[in-house]
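This report concerns only the one structure given below.
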Amino acid sequence: MKIKAMTGNTTAAIAASLCRPDLIAAYPITPQSSVAEYLSELVHSGELQTNYVTTESEHSVMSVIQGAACAGGRTFTATSGQGLALMYEPYFQMSTMRLPMVMAIVTREMISPCTVWSGQQDAMSVRDAGWLQVYVENNQEIMDMIIQGYMITEHEDVLIPINVCYDGFYLSHLVEGVDVPSQKEVDAFLPPVHFNHAILDPDNPMAVDSLTSGEVLTRYRKGHLEAMVKTLDVIEEVDKKFAKSFGRSYGGAIEEYKCDDADIVLVAIGGMTGTARDAVDMARDKGIKAGLIKLRFVRPFPTDRIANALKGKKAFAVVDRSVCFGWNAGPMYTEVRAALINGDDKYSHFSAIGGLGGADISIKHMTSVIEKLESVKSKPGQHDTLWLMKEF
Amino acid sequence: MNYIEKLRTSEDMVTPGMSACQGCCGELVLRRILQISGKNTIVCVPPGCMSGAGVVGWDYQTGMKIPVHIPLLTNTASFLSGVSQMYQRKGRGDVNMIAVAGDGATADGGFQSLSGAAERNEKMLYVCYDNEGYMNTGFQRSSTTTKGSRTSTTPIGEAINGKQQPSKYVALIMSMHALQYCATASPSHMQDMVAKVERGLAESKKGFAFIHVIAPCPTGWSFEPDMSIQIAKKAVASNMFPLWEKYNGNYYITVENKKPIPVKEFLQSMGKYKSLTDDDIAQIQKEADTKYETLKKLASE
């Protein structure tokens, strides 16, 4: 065990290199760039034996990776915001070809107005592109989920690529202590990649992506959706295996914090969860029965676990670092409500939105969410969206 | 073995039951290239006439005897870069990596990834069959469509008469990358084309090889299907499509054109240039002459 002080981006690069990828393709974009830089250093120093391809765009990043995956390779990349948007075309195809890979999304706000700072709008906007998505809280979790990510994505019941999403700047550029596993430990945990359903090989000629009729395509989609459901079990299984090898568990698709006896529950996602944890602790000190759900996996959406965690509670609020256009709410709020479709009228609930374009989500903001929950907890139904902003 | 004997004795890799139009030069080019490359080949055919005609496959059936994939219109060269890199890594650099793409996938949306792969000198042979437009979707103009052409997005009109801009000279642009091999070819000059495909495949083991093939299209260009080869021949003879190659840093004109025919003979042999005025034709003649002079200068260095 070796604790090192590292930024999130360095952590991601080291985690990827520990997984022995055959090929990495990358293109620099703020706030991801230092991932690409650090990987370059590892390759140029000879520490990392991978085919490293520095392309002319993110569109080509995902395309080069897709080609390598179609030759059976383990691959990695990281991107952000506009880069992810440019990548969308091969991004969607990566998941619908059911090619496993891990891609970090260093989450960033989407333009316009012009911004390069944090927010989860980029990753949230592609949550229906067929990938798995996990959102992490700190640099240690970046390390651990990239390693777990390969085990999940390459699992024979899954074969769906995964995004490990972490907050731009807040995690990507801030330094924390990270327990870095040894190469030997990771090798013992992670078996070599093997899949053969979509492979270009003259020894076993196959047409990959022939023109497909609607009837057959529907079967592909059905299989993809069913694999997403199975993935929920694989996530829990891999979390347990990881805990056994490395001594850290994240609770699977969601983590519940002080929920057992809680009346009111905050739902948070990504780096803001740390702040929410502190706000819950402070509320508890004041005698408020507050709890926290850390939403980790967004795809597949852990419907049952959320419904169970909220069972018997009086009120909940979901804090989103992105918006859901057309709903006057955040996207995770709409999805948590959908998970409670058989009875969200019993709860008092509202959406809270903050931290857009790099704006801070402070302890005061989280406390204001808890205070509002307290004040509405005996008035079931939807309450107005709470915007976590400074007063102008 | 001479080229006729080679083509006579080598196996056709493409399904006999494809739905290309009669007289399609794209189909001819695809079949001949893959006959030469043989079974130890991975081929990518992006959206366009060839993939639309069923050479990739349909549902659970494949359209080829070799591994084939339809990448995106925009990423053929980068997708194949990834496949190629993995094969180098596995110690199987002997496998031929071939792209057979139309002019839209090459010169328009796919140009960025093509230029990127050439700049990285990725090991592959990229062949463009240029029928000068989006023929698969109904003859819309592309950036290789020649000036004066009638297409469905540059129609003949009272105000605007056909395409107003000359074509982008993709082969010459590609040759300015530090790539391994670059050439133009025509199905009317099969001996020349076979030699270039063979050289391109050999060079693709060392880096990026690009061959730009003219592919006259009876359906889109409006001529009788049995005239395709004649039209291609006239394109070469009139210097509308000169045949040359570049390797080891040098340009060579491979089919010398000592007495070029007037471009008028080429232009008047099909419907797509039907409404050109004498002034238009004079302008196109001038552009063809200039293009050939430029190539001669490059080849004389």
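Each chain in the structure tokens gets a letter, A, B and so on, in the order shown; residues start at 1 in every chain, and ligands are counted from 1 in the order they appear.
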
Nearby residues (only C-alpha atoms) at most 12 Å from Phe139 (chain B), same-chain spacing under 4 positions excluded, as a count of residues only: 24

Contacts of Tyr292 (chain B) within 12 Å, only C-alpha atoms, excl. fewer than 4 positions in-chain, as number ranges by chain: B: 169, 172, 236-244, 253, 255-258, 260, 285-288, 296-299

Serialized selection, C-alpha atoms, as a short mmCIF file (atom, residue, chain, number, x, y, z; two decimals), in the first residue's frame:
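After the write, result-v3.cif holds the following:
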```
data_model
loop_
_atom_site.label_atom_id
_atom_site.label_comp_id
_atom_site.auth_asym_id
_atom_site.auth_seq_id
_atom_site.Cartn_x
_atom_site.Cartn_y
_atom_site.Cartn_z
CA TYR B 169 -8.01 17.92 -55.64
CA LEU B 172 -2.74 16.16 -54.42
CA VAL B 236 -7.61 10.32 -68.34
CA ALA B 237 -7.05 11.22 -72.01
CA SER B 238 -8.40 14.75 -71.51
CA ASN B 239 -6.36 15.38 -68.34
CA MET B 240 -9.54 15.74 -66.34
CA PHE B 241 -8.12 12.86 -64.28
CA PRO B 242 -4.35 12.43 -64.82
CA LEU B 243 -2.70 9.25 -63.57
CA TRP B 244 0.30 9.69 -61.31
CA ILE B 253 3.22 10.61 -64.09
CA VAL B 255 0.37 7.40 -67.94
CA GLU B 256 1.99 10.06 -70.11
CA ASN B 257 -0.53 12.11 -72.00
CA LYS B 258 1.42 13.50 -74.94
CA PRO B 260 -4.50 15.14 -74.71
CA GLN B 285 -10.20 23.22 -70.31
CA LYS B 286 -7.97 25.86 -68.74
CA GLU B 287 -8.28 24.29 -65.30
CA ALA B 288 -7.44 20.81 -66.65
CA LYS B 296 4.37 17.80 -64.70
CA LYS B 297 6.35 20.31 -62.66
CA LEU B 298 6.06 18.17 -59.54
CA ALA B 299 7.12 15.09 -61.52
#
```

Neighbours of chain A in chain B at 6 Å, counting only C-alpha atoms, as a PyMOL selection string: chain B and resi 40+56-59+62+66-69+78-83+86+116

Can those selected residues be exported to a file as a PDB file, in the first residue's frame so that it contains N, CA and C atoms?
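Saved file result03.pdb follows:
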```pdb
ATOM      1  N   ASN B  40      -6.212 -12.497 -46.568  1.00  0.00           N
ATOM      2  CA  ASN B  40      -5.580 -12.008 -45.339  1.00  0.00           C
ATOM      3  C   ASN B  40      -5.796 -10.489 -45.225  1.00  0.00           C
ATOM      4  N   VAL B  56     -21.419  -5.164 -47.194  1.00  0.00           N
ATOM      5  CA  VAL B  56     -21.092  -5.444 -45.792  1.00  0.00           C
ATOM      6  C   VAL B  56     -21.931  -6.623 -45.313  1.00  0.00           C
ATOM      7  N   GLY B  57     -23.207  -6.587 -45.657  1.00  0.00           N
ATOM      8  CA  GLY B  57     -24.073  -7.698 -45.294  1.00  0.00           C
ATOM      9  C   GLY B  57     -25.471  -7.236 -44.977  1.00  0.00           C
ATOM     10  N   TRP B  58     -26.327  -8.180 -44.668  1.00  0.00           N
ATOM     11  CA  TRP B  58     -27.722  -7.890 -44.352  1.00  0.00           C
ATOM     12  C   TRP B  58     -28.135  -8.798 -43.201  1.00  0.00           C
ATOM     13  N   ASP B  59     -28.590  -8.185 -42.112  1.00  0.00           N
ATOM     14  CA  ASP B  59     -28.963  -8.935 -40.902  1.00  0.00           C
ATOM     15  C   ASP B  59     -27.843  -9.893 -40.497  1.00  0.00           C
ATOM     16  N   THR B  62     -23.273 -12.116 -44.160  1.00  0.00           N
ATOM     17  CA  THR B  62     -22.167 -11.236 -44.530  1.00  0.00           C
ATOM     18  C   THR B  62     -22.136 -11.038 -46.046  1.00  0.00           C
ATOM     19  N   ILE B  66     -14.297 -12.009 -46.416  1.00  0.00           N
ATOM     20  CA  ILE B  66     -13.272 -11.518 -45.490  1.00  0.00           C
ATOM     21  C   ILE B  66     -13.951 -10.641 -44.426  1.00  0.00           C
ATOM     22  N   PRO B  67     -13.266 -10.398 -43.306  1.00  0.00           N
ATOM     23  CA  PRO B  67     -13.880  -9.531 -42.292  1.00  0.00           C
ATOM     24  C   PRO B  67     -14.163  -8.132 -42.839  1.00  0.00           C
ATOM     25  N   VAL B  68     -15.372  -7.663 -42.607  1.00  0.00           N
ATOM     26  CA  VAL B  68     -15.779  -6.378 -43.166  1.00  0.00           C
ATOM     27  C   VAL B  68     -16.593  -5.608 -42.132  1.00  0.00           C
ATOM     28  N   HIS B  69     -16.416  -4.299 -42.130  1.00  0.00           N
ATOM     29  CA  HIS B  69     -17.146  -3.443 -41.184  1.00  0.00           C
ATOM     30  C   HIS B  69     -17.558  -2.167 -41.901  1.00  0.00           C
ATOM     31  N   SER B  78      -9.742   6.692 -39.081  1.00  0.00           N
ATOM     32  CA  SER B  78      -9.373   6.577 -37.670  1.00  0.00           C
ATOM     33  C   SER B  78      -9.808   5.230 -37.096  1.00  0.00           C
ATOM     34  N   PHE B  79     -10.967   4.748 -37.508  1.00  0.00           N
ATOM     35  CA  PHE B  79     -11.379   3.409 -37.057  1.00  0.00           C
ATOM     36  C   PHE B  79     -10.333   2.374 -37.474  1.00  0.00           C
ATOM     37  N   LEU B  80      -9.950   2.420 -38.744  1.00  0.00           N
ATOM     38  CA  LEU B  80      -8.990   1.436 -39.251  1.00  0.00           C
ATOM     39  C   LEU B  80      -7.608   1.618 -38.611  1.00  0.00           C
ATOM     40  N   SER B  81      -7.298   2.845 -38.180  1.00  0.00           N
ATOM     41  CA  SER B  81      -6.051   3.074 -37.432  1.00  0.00           C
ATOM     42  C   SER B  81      -6.019   2.200 -36.186  1.00  0.00           C
ATOM     43  N   GLY B  82      -7.155   2.152 -35.489  1.00  0.00           N
ATOM     44  CA  GLY B  82      -7.222   1.368 -34.251  1.00  0.00           C
ATOM     45  C   GLY B  82      -7.054  -0.114 -34.521  1.00  0.00           C
ATOM     46  N   VAL B  83      -7.726  -0.605 -35.568  1.00  0.00           N
ATOM     47  CA  VAL B  83      -7.594  -2.022 -35.928  1.00  0.00           C
ATOM     48  C   VAL B  83      -6.127  -2.311 -36.270  1.00  0.00           C
ATOM     49  N   MET B  86      -3.729  -2.420 -33.319  1.00  0.00           N
ATOM     50  CA  MET B  86      -3.838  -3.657 -32.533  1.00  0.00           C
ATOM     51  C   MET B  86      -3.153  -4.820 -33.251  1.00  0.00           C
ATOM     52  N   GLY B 116      -5.757  13.109 -40.477  1.00  0.00           N
ATOM     53  CA  GLY B 116      -5.121  12.747 -39.205  1.00  0.00           C
ATOM     54  C   GLY B 116      -4.379  11.422 -39.307  1.00  0.00           C
TER      55      GLY B 116
END
```

Within 8 Å of Ser115 (chain B) using only C-alpha atoms, minus same-chain residues under 3 positions, as a short mmCIF file (atom, residue, chain, number, x, y, z; two decimals) with C-alpha atoms, in the first residue's frame:
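The resulting file, result-v9.cif, is shown below:
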```cif
data_model
loop_
_atom_site.label_atom_id
_atom_site.label_comp_id
_atom_site.auth_asym_id
_atom_site.auth_seq_id
_atom_site.Cartn_x
_atom_site.Cartn_y
_atom_site.Cartn_z
CA PHE B 111 -11.51 14.30 -44.44
CA GLN B 112 -10.38 15.26 -40.95
CA ALA B 118 -2.13 10.13 -42.93
CA GLU B 119 -0.26 12.56 -40.68
CA MET B 174 -3.11 13.88 -49.58
CA HIS B 177 1.12 14.66 -46.12
#
```

Residue contacts of region 265-273 of chain A (9 Å, only C-alpha atoms) excluding same-chain residues fewer than 4 positions away, as a ChimeraX atom specification: /A:120,134-138,165-167,170-171,259,277-278,280,289-296,310,313-321,332-333,336,355,361-362,366,369-370,373

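All residues within region 148-180 of chain A that the backbone DSSP calculation assigns to helix (DSSP H, G or I) are Gln148, Gly149, Tyr150, Met151, Ile152 and Thr153 of chain A.
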
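Relative to CA of Gly119 (chain A), CA of Met143 (chain A) is found at 20.4 Å.
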
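Excluding region 265-267 of chain B itself and same-chain residues fewer than 2 positions from it, the residues having an atom within 10 Å of it are Gly148, Ser149, Gln230, Ile231, Ala232, Lys233, Lys234, Ala235, Val236, Ala237, Ser238, Asn239, Met240, Ile261, Pro262, Val263, Ser269, Met270, Gly271, Lys272, Tyr273, Lys274, Leu276, Ile281 and Ile284 of chain B, counting only C-alpha atoms.
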
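Take CA of Glu58 (chain A) and CA of Pro28 (chain A): the distance between them is 8.5 Å.
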
Sel. of strand (DSSP E or B) residues, region 105-290 of chain B, as an MDAnalysis selection string: chainID B and resid 124:130 134 140 156 161 181:185 208:214 244:247 250:253

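Among the candidates A:Glu154, A:Lys230, A:Lys364, A:Gly358, the residue lying nearest to Val116 (chain A) is A:Gly358 (atoms considered: only C-alpha atoms).
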
Neighbour list for Arg98 (chain A) as a PyMOL selection string, cut-off 7 Å, only C-alpha atoms, skip fewer than 4 positions in-chain: chain A and resi 94+159-160
